[in-house]
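> File final-v7.tsv below, TSV, C-alpha atoms:
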chain	number	residue	atom	x	y	z
A	1	MET	CA	4.12	2.06	17.51
A	2	PHE	CA	0.96	1.92	15.42
A	3	LEU	CA	1.54	1.81	11.68
A	4	LEU	CA	-1.27	1.97	9.13
A	5	VAL	CA	-0.55	0.68	5.62
A	6	TYR	CA	-3.03	1.61	2.90
A	7	GLY	CA	-3.16	0.77	-0.78
A	8	GLY	CA	-5.11	-0.72	-3.67
A	9	SER	CA	-5.28	-4.37	-4.71
A	10	ALA	CA	-1.93	-5.73	-5.88
A	11	SER	CA	-0.18	-2.50	-4.86
A	12	GLY	CA	2.55	-4.20	-2.86
A	13	LYS	CA	1.11	-3.04	0.46
A	14	SER	CA	1.44	-6.46	2.12
A	15	ALA	CA	5.09	-6.84	1.22
A	16	TYR	CA	5.79	-3.34	2.49
A	17	ALA	CA	3.84	-3.94	5.71
A	18	GLU	CA	5.73	-7.17	6.33
A	19	GLN	CA	9.12	-5.54	5.88
A	20	ARG	CA	8.23	-2.73	8.21
A	21	THR	CA	6.73	-5.08	10.80
A	22	VAL	CA	9.73	-7.41	10.78
A	23	ARG	CA	11.98	-4.42	11.28
A	24	LEU	CA	9.83	-3.08	14.13
A	25	HIS	CA	10.09	-6.50	15.73
A	26	GLN	CA	13.87	-6.54	15.37
A	27	GLN	CA	14.05	-3.13	17.00
A	28	SER	CA	11.86	-4.10	19.94
A	29	THR	CA	13.51	-5.95	22.79
A	30	ALA	CA	11.16	-8.86	23.36
A	31	GLY	CA	7.83	-10.32	22.40
A	32	GLN	CA	6.59	-12.51	19.62
A	33	LEU	CA	6.04	-11.68	15.99
A	34	ILE	CA	2.40	-12.41	15.21
A	35	TYR	CA	0.52	-12.42	11.93
A	36	LEU	CA	-3.16	-11.91	12.61
A	37	ALA	CA	-5.09	-13.08	9.55
A	38	ALA	CA	-8.66	-11.90	9.04
A	39	MET	CA	-9.35	-13.41	5.64
A	40	LYS	CA	-11.77	-16.30	5.66
A	41	PRO	CA	-10.73	-19.00	3.22
A	42	TYR	CA	-14.27	-19.20	1.83
A	43	SER	CA	-13.52	-19.28	-1.89
A	44	GLN	CA	-10.85	-20.68	-4.16
A	45	ALA	CA	-9.65	-17.16	-4.92
A	46	ALA	CA	-9.32	-16.46	-1.19
A	47	GLN	CA	-7.39	-19.67	-0.68
A	48	GLN	CA	-5.07	-18.67	-3.50
A	49	ARG	CA	-4.48	-15.27	-1.91
A	50	ILE	CA	-3.82	-16.89	1.45
A	51	ARG	CA	-1.29	-19.26	-0.12
A	52	ARG	CA	0.45	-16.36	-1.80
A	53	HIS	CA	0.66	-14.41	1.46
A	54	ARG	CA	1.95	-17.50	3.29
A	55	ARG	CA	4.72	-17.80	0.73
A	56	LEU	CA	5.60	-14.14	1.21
A	57	ARG	CA	5.79	-14.59	4.98
A	58	ALA	CA	7.59	-17.92	4.99
A	59	GLY	CA	10.82	-17.96	6.99
A	60	LYS	CA	10.28	-14.54	8.52
A	61	GLY	CA	9.37	-15.88	11.94
A	62	PHE	CA	5.69	-15.01	12.05
A	63	ARG	CA	3.36	-17.02	14.20
A	64	THR	CA	-0.02	-17.01	12.44
A	65	VAL	CA	-3.27	-16.50	14.31
A	66	GLU	CA	-6.50	-16.62	12.34
A	67	ARG	CA	-9.41	-14.58	13.56
A	68	TYR	CA	-12.27	-13.45	11.36
A	69	THR	CA	-14.33	-11.33	13.76
A	70	ASP	CA	-14.28	-9.93	17.30
A	71	LEU	CA	-10.66	-8.96	17.88
A	72	TYR	CA	-11.67	-7.60	21.25
A	73	GLY	CA	-12.86	-11.08	22.23
A	74	LEU	CA	-9.58	-12.52	21.00
A	75	CYS	CA	-7.68	-10.17	23.28
A	76	GLN	CA	-9.73	-11.41	26.25
A	77	ASP	CA	-8.55	-14.95	25.57
A	78	PRO	CA	-5.82	-15.60	28.17
A	79	ALA	CA	-3.67	-17.72	25.84
A	80	PHE	CA	-3.68	-15.03	23.14
A	81	ALA	CA	-3.22	-12.24	25.67
A	82	ARG	CA	-0.12	-14.00	27.03
A	83	ALA	CA	1.32	-14.54	23.55
A	84	ALA	CA	0.53	-11.00	22.43
A	85	ALA	CA	1.96	-9.24	25.49
A	86	GLY	CA	4.74	-6.97	24.23
A	87	SER	CA	4.50	-8.52	20.78
A	88	THR	CA	4.71	-7.07	17.29
A	89	ILE	CA	1.51	-7.78	15.38
A	90	LEU	CA	0.75	-7.54	11.68
A	91	LEU	CA	-3.03	-7.42	11.19
A	92	GLU	CA	-4.24	-8.12	7.67
A	93	CYS	CA	-6.56	-7.10	6.16
A	94	MET	CA	-9.02	-4.56	7.55
A	95	SER	CA	-11.07	-4.98	4.37
A	96	ASN	CA	-11.73	-8.61	5.24
A	97	LEU	CA	-12.32	-7.94	8.92
A	98	THR	CA	-14.85	-5.22	8.04
A	99	ALA	CA	-16.66	-7.48	5.56
A	100	ASN	CA	-16.77	-10.28	8.14
A	101	GLU	CA	-18.10	-8.02	10.88
A	102	ILE	CA	-20.81	-6.65	8.59
A	103	PHE	CA	-21.86	-9.67	6.57
A	104	GLU	CA	-21.02	-12.81	8.57
A	105	PRO	CA	-23.68	-14.15	10.96
A	106	GLU	CA	-21.23	-14.10	13.88
A	107	GLY	CA	-20.17	-10.52	13.05
A	108	ALA	CA	-21.13	-7.34	14.87
A	109	GLY	CA	-23.51	-6.24	12.09
A	110	ALA	CA	-24.63	-2.66	12.62
A	111	GLN	CA	-21.97	-2.23	15.32
A	112	ALA	CA	-19.15	-3.31	12.99
A	113	ALA	CA	-17.11	-0.11	13.17
A	114	ASP	CA	-17.30	0.05	16.97
A	115	ALA	CA	-16.36	-3.61	17.31
A	116	ILE	CA	-13.38	-3.20	14.98
A	117	LEU	CA	-12.07	-0.08	16.69
A	118	LYS	CA	-12.51	-1.66	20.11
A	119	GLY	CA	-10.46	-4.59	18.82
A	120	ILE	CA	-7.73	-2.28	17.55
A	121	GLU	CA	-7.60	-0.56	20.91
A	122	ALA	CA	-7.28	-3.89	22.71
A	123	LEU	CA	-4.53	-5.08	20.34
A	124	ARG	CA	-2.62	-1.86	20.82
A	125	ALA	CA	-2.90	-2.17	24.58
A	126	LEU	CA	-1.43	-5.68	24.50
A	127	SER	CA	1.27	-5.30	21.87
A	128	ALA	CA	4.40	-3.22	21.56
A	129	ASN	CA	3.86	-2.64	17.84
A	130	LEU	CA	0.82	-2.98	15.64
A	131	THR	CA	0.74	-2.75	11.86
A	132	ALA	CA	-2.72	-2.72	10.28
A	133	VAL	CA	-3.06	-3.27	6.54
A	134	THR	CA	-6.10	-1.77	4.88
A	135	LEU	CA	-7.48	-1.50	1.37
A	136	ASP	CA	-8.35	1.39	-0.88
A	137	VAL	CA	-11.76	0.52	-2.38
A	138	PHE	CA	-12.77	4.11	-2.89
A	139	GLY	CA	-11.39	5.11	-6.25
A	140	ASP	CA	-13.31	3.30	-8.96
A	141	GLY	CA	-16.10	5.85	-9.40
A	142	VAL	CA	-18.75	3.16	-9.45
A	143	HIS	CA	-21.93	3.45	-7.40
A	144	TYR	CA	-22.85	0.24	-5.70
A	145	ASP	CA	-25.98	-1.01	-4.00
A	146	GLU	CA	-26.64	-0.08	-0.38
A	147	SER	CA	-24.95	-3.13	1.12
A	148	VAL	CA	-21.67	-2.43	-0.70
A	149	GLU	CA	-21.89	1.29	0.07
A	150	ARG	CA	-22.44	0.44	3.71
A	151	TYR	CA	-19.29	-1.66	3.55
A	152	ARG	CA	-17.32	1.14	1.88
A	153	ARG	CA	-18.63	3.71	4.38
A	154	THR	CA	-17.69	1.52	7.32
A	155	LEU	CA	-14.22	0.68	6.02
A	156	ALA	CA	-13.55	4.35	5.22
A	157	PHE	CA	-14.63	5.35	8.74
A	158	VAL	CA	-12.43	2.67	10.30
A	159	ASN	CA	-9.51	3.81	8.12
A	160	ARG	CA	-9.95	7.44	9.15
A	161	GLU	CA	-10.18	6.58	12.84
A	162	MET	CA	-7.10	4.34	12.65
A	163	ALA	CA	-5.18	7.04	10.80
A	164	LYS	CA	-5.99	9.51	13.59
A	165	GLN	CA	-4.48	7.14	16.13
A	166	ALA	CA	-1.60	5.94	14.00
A	167	ASP	CA	1.96	7.11	14.60
A	168	GLU	CA	2.49	6.62	10.93
A	169	ALA	CA	0.23	6.13	7.90
A	170	VAL	CA	1.60	5.11	4.52
A	171	ARG	CA	-0.07	4.71	1.14
A	172	VAL	CA	1.69	2.17	-1.05
A	173	VAL	CA	1.71	2.93	-4.78
A	174	TYR	CA	3.05	-0.05	-6.75
A	175	SER	CA	5.49	-0.91	-3.97
A	176	ILE	CA	6.58	2.69	-3.39
A	177	PRO	CA	5.62	4.12	0.02
A	178	VAL	CA	4.01	7.54	0.02
A	179	ILE	CA	3.96	8.87	3.57
A	180	LEU	CA	0.57	10.25	4.63
A	181	LYS	CA	1.46	10.81	8.27
A	182	GLY	CA	4.60	10.45	10.37
A	183	ALA	CA	8.20	10.07	9.35
A	184	GLY	CA	8.60	6.74	7.56
A	185	ASP	CA	11.69	4.73	8.33
A	186	GLY	CA	13.44	5.01	5.02
A	187	ILE	CA	12.69	1.53	3.71
A	188	TRP	CA	12.31	1.78	-0.05
A	189	ASN	CA	12.13	5.51	0.22
A	190	PRO	CA	14.05	7.42	-2.41
B	1	MET	CA	12.97	3.29	-17.23
B	2	ILE	CA	10.71	5.81	-15.60
B	3	LEU	CA	7.27	4.89	-14.26
B	4	VAL	CA	4.51	7.50	-14.04
B	5	THR	CA	1.21	6.58	-12.38
B	6	GLY	CA	-1.93	8.10	-10.91
B	7	GLY	CA	-5.69	7.82	-11.36
B	8	ALA	CA	-7.47	8.22	-14.68
B	9	TRP	CA	-7.60	11.75	-16.16
B	10	GLN	CA	-5.04	13.18	-13.76
B	11	GLY	CA	-2.89	14.76	-16.46
B	12	LYS	CA	-0.15	12.13	-16.47
B	13	LYS	CA	0.66	12.48	-20.16
B	14	GLU	CA	0.69	16.28	-19.98
B	15	PHE	CA	2.95	16.07	-16.95
B	16	VAL	CA	5.34	13.76	-18.80
B	17	CYS	CA	5.46	15.99	-21.87
B	18	GLN	CA	6.11	19.05	-19.79
B	19	HIS	CA	8.49	17.58	-17.25
B	20	PHE	CA	10.61	15.68	-19.76
B	21	HIS	CA	10.30	18.26	-22.57
B	22	LEU	CA	8.64	15.80	-24.88
B	23	PRO	CA	6.40	16.55	-27.85
B	24	GLN	CA	3.05	14.71	-27.76
B	25	GLU	CA	3.92	12.75	-30.93
B	26	LYS	CA	6.67	10.99	-29.02
B	27	VAL	CA	4.12	9.42	-26.70
B	28	THR	CA	2.85	6.08	-28.00
B	29	ASP	CA	-0.62	4.99	-26.95
B	30	GLY	CA	-0.99	1.53	-25.37
B	31	ARG	CA	-4.61	1.33	-26.53
B	32	THR	CA	-3.66	1.45	-30.20
B	33	PHE	CA	-0.02	0.39	-30.25
B	34	VAL	CA	0.46	-2.49	-32.75
B	35	LEU	CA	1.13	-5.56	-30.63
B	36	GLU	CA	3.59	-7.25	-32.97
B	37	GLU	CA	5.78	-4.19	-33.05
B	38	LYS	CA	8.84	-4.25	-30.86
B	39	GLY	CA	8.06	-0.72	-29.93
B	40	PRO	CA	8.73	2.54	-31.68
B	41	SER	CA	12.44	2.80	-32.33
B	42	GLY	CA	14.76	5.76	-32.38
B	43	GLY	CA	14.12	7.17	-28.92
B	44	PRO	CA	10.50	6.16	-28.32
B	45	ALA	CA	10.39	8.30	-25.24
B	46	ALA	CA	7.08	7.34	-23.68
B	47	LEU	CA	4.19	4.91	-23.71
B	48	ASP	CA	0.83	6.01	-22.35
B	49	HIS	CA	-1.93	3.65	-21.16
B	50	TYR	CA	0.34	0.80	-20.21
B	51	GLU	CA	-2.67	-0.62	-18.28
B	52	ALA	CA	-4.56	-0.93	-21.58
B	53	LEU	CA	-1.60	-2.62	-23.21
B	54	VAL	CA	-1.45	-5.19	-20.38
B	55	ARG	CA	-5.14	-5.91	-20.91
B	56	ARG	CA	-4.61	-6.31	-24.66
B	57	TRP	CA	-1.68	-8.66	-24.13
B	58	ILE	CA	-3.71	-10.83	-21.76
B	59	LYS	CA	-6.56	-10.92	-24.28
B	60	ALA	CA	-4.17	-11.89	-27.06
B	61	GLY	CA	-2.82	-14.74	-24.93
B	62	ALA	CA	0.61	-13.14	-24.56
B	63	ASP	CA	2.51	-13.04	-21.27
B	64	PRO	CA	2.52	-9.38	-20.20
B	65	GLU	CA	5.79	-9.74	-18.30
B	66	THR	CA	7.66	-11.19	-21.27
B	67	MET	CA	6.13	-8.60	-23.57
B	68	THR	CA	7.06	-5.77	-21.22
B	69	ARG	CA	10.63	-7.01	-21.01
B	70	ARG	CA	10.78	-7.17	-24.80
B	71	LEU	CA	9.41	-3.66	-25.02
B	72	LEU	CA	11.94	-2.30	-22.54
B	73	ASP	CA	14.92	-4.26	-23.90
B	74	GLY	CA	14.80	-2.18	-27.03
B	75	ASN	CA	13.94	1.00	-25.16
B	76	PRO	CA	15.55	0.97	-21.71
B	77	GLU	CA	15.05	4.71	-21.25
B	78	MET	CA	11.32	4.51	-21.86
B	79	ILE	CA	8.80	6.40	-19.75
B	80	LEU	CA	5.88	4.11	-18.94
B	81	ILE	CA	2.63	5.84	-18.05
B	82	THR	CA	-0.06	3.78	-16.36
B	83	ASP	CA	-3.38	4.36	-14.65
B	84	GLU	CA	-3.22	3.40	-11.00
B	85	ILE	CA	-5.91	0.73	-10.99
B	86	GLY	CA	-6.92	-1.58	-8.15
B	87	CYS	CA	-8.27	1.16	-5.86
B	88	GLY	CA	-11.85	-0.05	-6.03
B	89	ILE	CA	-14.17	-2.82	-4.94
B	90	ILE	CA	-12.83	-6.18	-6.08
B	91	PRO	CA	-14.77	-7.02	-9.26
B	92	MET	CA	-17.10	-10.04	-9.47
B	93	ASP	CA	-15.63	-11.14	-12.80
B	94	PRO	CA	-12.60	-13.38	-12.14
B	95	GLU	CA	-10.94	-12.19	-15.36
B	96	GLU	CA	-11.12	-8.60	-14.14
B	97	VAL	CA	-9.62	-9.67	-10.82
B	98	GLN	CA	-6.85	-11.46	-12.70
B	99	TYR	CA	-6.17	-8.38	-14.82
B	100	ARG	CA	-5.83	-6.19	-11.72
B	101	GLU	CA	-3.50	-8.72	-10.13
B	102	VAL	CA	-1.26	-9.11	-13.17
B	103	HIS	CA	-1.09	-5.38	-13.82
B	104	GLY	CA	-0.50	-4.53	-10.16
B	105	ARG	CA	2.28	-7.06	-9.60
B	106	LEU	CA	3.95	-6.03	-12.84
B	107	CYS	CA	3.83	-2.38	-11.86
B	108	CYS	CA	5.36	-3.21	-8.45
B	109	ARG	CA	8.29	-4.87	-10.19
B	110	LEU	CA	8.57	-2.03	-12.69
B	111	ALA	CA	8.55	0.52	-9.87
B	112	GLN	CA	11.31	-1.39	-8.09
B	113	SER	CA	13.55	-1.43	-11.15
B	114	ALA	CA	12.65	2.08	-12.32
B	115	GLY	CA	15.16	4.86	-11.89
B	116	GLN	CA	12.35	7.28	-11.08
B	117	VAL	CA	8.69	6.88	-10.14
B	118	TYR	CA	6.16	9.72	-10.27
B	119	LEU	CA	2.65	9.94	-8.87
B	120	VAL	CA	0.41	12.42	-10.69
B	121	GLU	CA	-2.68	13.76	-8.94
B	122	CYS	CA	-4.73	16.71	-10.18
B	123	GLY	CA	-2.10	17.34	-12.81
B	124	ILE	CA	0.62	17.69	-10.19
B	125	GLY	CA	3.44	15.20	-10.47
B	126	ARG	CA	5.39	14.17	-7.39
B	127	ARG	CA	8.53	12.13	-7.56
B	128	ILE	CA	7.99	9.25	-5.11
B	129	LYS	CA	11.18	7.39	-6.01
Hey, can you dump this file as structure tokens for me?

Amino acid sequence: MFLLVYGGSASGKSAYAEQRTVRLHQQSTAGQLIYLAAMKPYSQAAQQRIRRHRRLRAGKGFRTVERYTDLYGLCQDPAFARAAAGSTILLECMSNLTANEIFEPEGAGAQAADAILKGIEALRALSANLTAVTLDVFGDGVHYDESVERYRRTLAFVNREMAKQADEAVRVVYSIPVILKGAGDGIWNP
Amino acid sequence: MILVTGGAWQGKKEFVCQHFHLPQEKVTDGRTFVLEEKGPSGGPAALDHYEALVRRWIKAGADPETMTRRLLDGNPEMILITDEIGCGIIPMDPEEVQYREVHGRLCCRLAQSAGQVYLVECGIGRRIK
């Protein structure tokens, strides 16, 4: 099962994605529950966000793996591959992963989209369930400089490609899931 | 309480007036609403631009959650209309980031407690809860 969760900042998408992922894990027979964190704790604001997400996840049985770039490489690591075999993975957030791949020195640069999608493919091959959380940065009507537009273009492309592959895609509007593709599982649905 | 959201200029207020058979005068505007007021009494019906009201509360040093509760205590049947913000690049200004966070988290809680939630796009309202 590949679930894509999409929404704006502070839309409740993480909480929704967690609930769904925990439930997918409960429904699957074996395998670990893994939280794959892509956000680099580079600033105070980022650290605050990370702390908030840790609080949200606490006690839910997630094992946290931090990885800021090259998910494909991570999947080649025997220790991770063993842990991730048949697992349920929550990957958060594609917005950070994309920024890291484009802007960080160790990132894939011009090949960011390819690297990310190759990583998604590898994660899907290893795991039983994958939830990817991604961000809507496309609705503010502002024109940015080329480096930001390149980021937006890349993230939008990655989102579209993931949505094609996804069994289910959900946009979260202030905690309420709006199904874009697939059936939904009824959580928080009216 | 009923929450109505969607992007700017999507026809949220018009949708509310039509769907809930409400005259425009019954819709209070969060951009101009007097902050000290408890809220219009006698069946206030609706408040538009809740996102602007949250911004004004923050600016005035008031706690938006407390103020919202106070607003709704007197008017539990109120229809709150808010722009769906947060669907853009994260701003550089930390105060803008904070505003988006506060507004977003508040709206999540409001949506959870709301009896109905509507998403309005291109003038078309969909009930999503």
> With distances taken over all atoms listed in the file, which of B:Arg70, B:Pro76, B:Gly7, B:His49 is nearest to chain A?
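Checking each candidate against chain A, we get B:Gly7 as the closest.
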> Could you work out which residues of chain A fall inside 9 Å of chain B? Count all atoms listed in the file, and format the result as number ranges by chain.
A: 7-12, 45, 135-142, 148, 152, 173-178, 188-190
> For Met78 of chain B, which of B:Glu121, B:Phe15, B:Val34, B:Ala46 is the closest residue, counting all atoms listed in the file?
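The closest residue to Met78 of chain B is B:Ala46.
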> Using all atoms listed in the file, can you tell me which of A:Lys13, A:Lys164, A:Arg67, A:Arg153 comes closest to Asn100 of chain A?
A:Arg67
> Would you compute the distance between atom CA of Asn96 of chain A and atom CA of Ala38 of chain A? Give it in Å to one decimal.
5.9 Å
> Just how far from atom CA of Gly123 of chain B is atom CA of Glu25 of chain B, in Å to one decimal?
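A separation of 19.6 Å between them.
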